[in-house]
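Q: Got a structure for you, written out below as structure tokens; questions coming shortly.
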Amino acid sequence: MRHSHAQNVAASVRQHLYNYNSKAIQEKIYLHTDKNFYQTGEIIWFKAYSVDASFHKPLDLSKVVYVELLDKGNRPVLQAKIKMDSAEGNGSLYVPVNLNSGNYQLRAYTNWMKNFDEAFFFRKTITVINGQKLSDVVKKGIDSSYDVQFFPEGGNLVNGLQSKVAFKISDKYGKGVDCSGSIVNENGESIAAFQSLKFGMGNFVFKPETGHSYKAVIRFKSGLNSSKQLPAAFDKGTVMTLKENAANIDVVINGNNDDRTVYLVAQTRGVLRKTLSAAMQNGVANFRISKTDLPEGITQLTVFNESNQPVCERLYFSFPSGNDTLQIQPDKEIYGNRSRVNLDVHSQNIAGRASASIAVYRIDSLQQLDDMKLGDYLALGSDLKGSIESPSYYFSKDKDAAAAIDNLMLTQGWRRFDWKNILQDKSSSLIYEPEIKGHIVNAKVIDVRNGLSTEGIECYLSVPGTRAIFLSNVSDDSGHVKFEMRNMYGAAEVIAQTNSIRDSVYRIDVQNPFSEKYTRDSLPHFYLPVNNPATLTEQSVATQVQNIYTGNKQRQFTEAGFDTSLFYSKPDLSYLLDNYVRFTTMEEVLREYVQLVNVRRRGGKYHFDIYDNNSQRMLWTDPLVLLDGVPVFDMDKMIAYDPLKVRQLDVLTRRFYFSHSVYDGVLNFVTYKGDLPGYELDSKATVFDYESLQSQREFYSPKYETDVDAASHLPDFRNVLYWSPNVKLINATTSKIEFYTSDKKGKFVAVLQGIDANGKCISGIHYFEVN
């Protein structure tokens, strides 16, 4: 009977997880940046990788990634929309010369990810120094305000039951603070002692007793003392203790309630890995899980009671073993200035193809190795709320790393998967759709008479030009309307409007495509580096000189290869007006040599009728009339327009089906520059500057192939020698990378990261000297 019930509990949890995940597939985004320390006037180069959140394999779902640089007040100072193709994309951000010195948060996400907790957007701290505004920088000081938190293993303290209690003590910037202390009762008697291990975290073993209260007395290295009340203990409940050995994980359950059987569920990133049941004997139950049953990364261990309710939970981390270290071999270890560098990149364990990115930059007292890795991020940081101090430490060979990561599992905020929502089959409110074809412009149709959103209104979006973009759609029952802007790059003026003749009481409010939700995490405290002031001055001067002499080369963008065909493809008739007699009125143009278009007046207004050759009949409704891609609803305005400003007229002499609409033909008037010269837009039209997909900036890296090139007097003060987001690795073959050193001397590092089709993350680091 109990075995059957255990199966029912397991089946129920499995079904709920399946229901949740089938509705809410999740993405993870990772950005590999060229480095993490920048002078104003430099460029942040990055590559975006997209994987599915459960299995960490490349996920070609969203075609756009949103990238932002946020200041300490979560105000965006830079934003970009990056095109994704085959689960990858790349871009750049120019750091403005007037930006203040400080730490900034670089974050990235997709439109689909906006449906879920913003804590799981990709985030990375970027440091910016403005050499012209150093007087505004706050010098390093002592902070005496601390955040003290306690986390009983499993969730709660229960009187009479021994528990491990983890703690985390940090300053107001989230940086861990070393400390020691003791747990005392209300009489001041010491019950337990504790000492932080790494980053202000540690743990102690403690058994609360009924009728007592407890607090921690904390001693800091600065000489300050503090105290904090421990969480209140329950009289009835369940606690869990995890013990680890070489091969297994033992989970011990202690309880003083009436549970006869408990159930342990292990799930990793939403995938059920193990379900076990155990009888409570004398208030104790034991579980054992083989480590081979758990994948790499974070596993959520949850204990359920007989009522299918979660009563205890903690996290367990399994170190990645499947990631591959690349061999980066230069042809020399020491180079001169303006010398050719040849790198051989080789991996023996890539399955098929792998996509990678590489950065080569100088290491000095300001710029240290940026050791954030794709594999480490996916395994650890991507599934934890809150920022992780020095995440690379947990993957080091330090003797305390394993104990430190267990403290992290006990203390770091959770959860990507919330059992309350899962068990109630409540997926997040999915109001943002995945952009599977391209960038989507979202808007609301508002009735200006009452301010309410309105459904069933036909809306138009236009990007004027000689190869104009024209889109139309109808608002849904919530007043929402969307326009798929496939393969539009760069900034342009965009016009959104309704039919000014038929729907004159409505306006279109275009929505911000960037997320307006932010975490409460504080950025690390920023202070002016004082290790080597000369390096700071040198870097500042070098960046200014580089921008003066090669600024134009850094502003070169690759032409985007996208379809520029018109939305109606090929017209039935096309007229280059300069090939005909140039009449001074539009009515004469249409009557004299535009075939199959009849101009007539009805009810005191002009109308255009098109004769459909295919059906051999006249189409009696006005066609879709466009001027440089902008719809014209009043034919009188088109008749009054100066024909000498029009270069070309395209005509569709047939019924045309487009989006949700049907038009009796199309007349598209194109001016010489595509800029609507002399045309007055309707007053209710929404006109705005819009930044669409980012055009790709070309990384500038000069070549010194000859002695003449090397002898050039043009200064070369680059500290980033090379950046490429398009490194392709195939099986066990060797890829060759070539670039040239600059006039800078010192220690340089080549950092390569990537992922193959099976989700195996690859990375490599190699140092060399330039003198």
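Going by the structure tokens order, chains are called A, B, ..., each with residues numbered from 1, while ligands are numbered from 1 in the order shown.
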Neighbouring residues of stretch 289-301 of chain A were defined as those with any atom within 8 Å, considering only C-alpha atoms; residues of the same chain fewer than 3 positions away were excluded. Please report them as a count of residues only.

A: 25

Q: Where in stretch 558-748 of chain A does DSSP assign helix (DSSP H, G or I), given as an MDAnalysis selection string?

A: chainID A and resid 577:579 586:592 635:639 643:645 707:710

Q: Calculate how many Å separate atom CA of A:Asp235 from atom CA of A:Asn257, rounding to one decimal.

A: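 Interatomic distance, atom CA of A:Asp235 to atom CA of A:Asn257: 9.3 Å.
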
Q: List as a PyMOL selection string the protein and nucleic acid residues near stretch 78-92 of chain A, meaning an atom at most 8 Å away when only C-alpha atoms are counted, but skip any in the same chain fewer than 5 places from it.

A: chain A and resi 43-51+58-70+438+691-697+725

Q: In terms of the shortest atom-to-atom distance over only C-alpha atoms, which of A:Asn159, A:Asn74, A:Asn115, A:Asn98 is closest to A:Lys23?

A: A:Asn115

Q: Can you check which residues of stretch 375-618 of chain A DSSP gives as strand (DSSP E or B) on the backbone and send them as a PyMOL selection string?

A: chain A and resi 439-447+453+458-463+469-474+480-485+489+491-498+506-510+557+573-576+597-602+605-612+617-618

Q: Determine the nearest neighbour of A:Gln309 from the options A:Tyr335, A:Tyr30, A:Tyr20, A:Tyr263, counting only C-alpha atoms.

A: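 Between A:Tyr335, A:Tyr30, A:Tyr20, A:Tyr263, the residue approaching A:Gln309 most closely is A:Tyr263.
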
Q: Show which residues sit within 9 Å of A:Asp509, as a ChimeraX atom specification. Count only C-alpha atoms, and ignore same-chain residues fewer than 2 positions away.

A: /A:442-446,496,507,511,686

Q: Just how far from atom CA of A:Ile457 is atom CA of A:Tyr641, in Å to one decimal?

A: 27.6 Å

Q: Could you pull the residues within 6 Å of stretch 740-755 of chain A, counting only C-alpha atoms, minus those fewer than 2 positions along the same chain, as a count of residues only?

A: 31

Q: Would you mind telling me which residue in A:Tyr606, A:Gly154, A:Pro208, A:Lys236 lies nearest to A:Val251 when using only C-alpha atoms?

A: A:Gly154

Q: What gap, in Å, lies between atom CA of A:Asp147 and atom CA of A:Phe220?

A: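 Interatomic distance, atom CA of A:Asp147 to atom CA of A:Phe220: 12.6 Å.
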
Q: Got a sec: who's within 9 Å of stretch 669-675 of chain A, counting only C-alpha atoms, leaving out chain neighbours fewer than 5 positions off, as a ChimeraX atom specification?

A: /A:464-468,625-629,644-651

Q: Mind writing the picked residues with N, CA and C atoms as an mmCIF file, in the first residue's frame?

A:
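Writing the result to out_33.cif gives the following:
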```
data_model
loop_
_atom_site.group_PDB
_atom_site.id
_atom_site.type_symbol
_atom_site.label_atom_id
_atom_site.label_comp_id
_atom_site.auth_asym_id
_atom_site.auth_seq_id
_atom_site.Cartn_x
_atom_site.Cartn_y
_atom_site.Cartn_z
ATOM 1 N N PRO A 464 9.786 54.771 -43.564
ATOM 2 C CA PRO A 464 9.893 55.399 -44.880
ATOM 3 C C PRO A 464 11.263 55.175 -45.511
ATOM 4 N N GLY A 465 11.282 55.161 -46.811
ATOM 5 C CA GLY A 465 12.528 55.002 -47.542
ATOM 6 C C GLY A 465 12.263 54.565 -48.962
ATOM 7 N N THR A 466 13.318 54.540 -49.779
ATOM 8 C CA THR A 466 13.153 54.078 -51.163
ATOM 9 C C THR A 466 12.870 52.586 -51.213
ATOM 10 N N ARG A 467 13.340 51.842 -50.197
ATOM 11 C CA ARG A 467 12.968 50.436 -50.032
ATOM 12 C C ARG A 467 12.239 50.339 -48.696
ATOM 13 N N ALA A 468 11.085 50.943 -48.636
ATOM 14 C CA ALA A 468 10.369 51.130 -47.387
ATOM 15 C C ALA A 468 9.897 49.805 -46.794
ATOM 16 N N VAL A 625 -2.786 52.809 -50.833
ATOM 17 C CA VAL A 625 -1.946 53.840 -51.439
ATOM 18 C C VAL A 625 -0.831 54.192 -50.452
ATOM 19 N N LEU A 626 0.405 54.108 -50.918
ATOM 20 C CA LEU A 626 1.570 54.369 -50.073
ATOM 21 C C LEU A 626 2.428 55.473 -50.689
ATOM 22 N N LEU A 627 2.986 56.304 -49.819
ATOM 23 C CA LEU A 627 3.991 57.271 -50.229
ATOM 24 C C LEU A 627 5.238 56.984 -49.412
ATOM 25 N N ASP A 628 6.266 56.459 -50.075
ATOM 26 C CA ASP A 628 7.501 56.041 -49.405
ATOM 27 C C ASP A 628 7.215 55.048 -48.277
ATOM 28 N N GLY A 629 6.210 54.203 -48.484
ATOM 29 C CA GLY A 629 5.870 53.173 -47.509
ATOM 30 C C GLY A 629 4.878 53.608 -46.458
ATOM 31 N N LEU A 644 6.344 66.044 -59.230
ATOM 32 C CA LEU A 644 7.748 66.245 -59.556
ATOM 33 C C LEU A 644 8.671 65.747 -58.452
ATOM 34 N N LYS A 645 8.098 65.464 -57.273
ATOM 35 C CA LYS A 645 8.880 64.907 -56.178
ATOM 36 C C LYS A 645 8.893 63.381 -56.199
ATOM 37 N N VAL A 646 8.111 62.784 -57.104
ATOM 38 C CA VAL A 646 7.984 61.333 -57.162
ATOM 39 C C VAL A 646 8.896 60.782 -58.250
ATOM 40 N N ARG A 647 9.701 59.801 -57.907
ATOM 41 C CA ARG A 647 10.595 59.177 -58.878
ATOM 42 C C ARG A 647 9.963 57.968 -59.542
ATOM 43 N N GLN A 648 9.192 57.189 -58.787
ATOM 44 C CA GLN A 648 8.697 55.914 -59.300
ATOM 45 C C GLN A 648 7.308 55.629 -58.748
ATOM 46 N N LEU A 649 6.518 54.934 -59.544
ATOM 47 C CA LEU A 649 5.196 54.482 -59.113
ATOM 48 C C LEU A 649 5.052 53.009 -59.470
ATOM 49 N N ASP A 650 4.784 52.162 -58.440
ATOM 50 C CA ASP A 650 4.504 50.746 -58.642
ATOM 51 C C ASP A 650 3.007 50.509 -58.469
ATOM 52 N N VAL A 651 2.459 49.632 -59.302
ATOM 53 C CA VAL A 651 1.021 49.354 -59.254
ATOM 54 C C VAL A 651 0.794 47.841 -59.214
#
```

Q: Contacts of stretch 229-233 of chain A at 8 Å or less, counting only C-alpha atoms, minus same-chain residues fewer than 5 places along, as a PyMOL selection string?

A: chain A and resi 150+156-159+208+213-216

Q: Let me make sure I understand: among A:Gln162, A:Ser453, A:Asn185, A:Gln105, which one has the smallest atom-to-atom distance to A:Lys207 if we use only C-alpha atoms?

A: A:Gln162
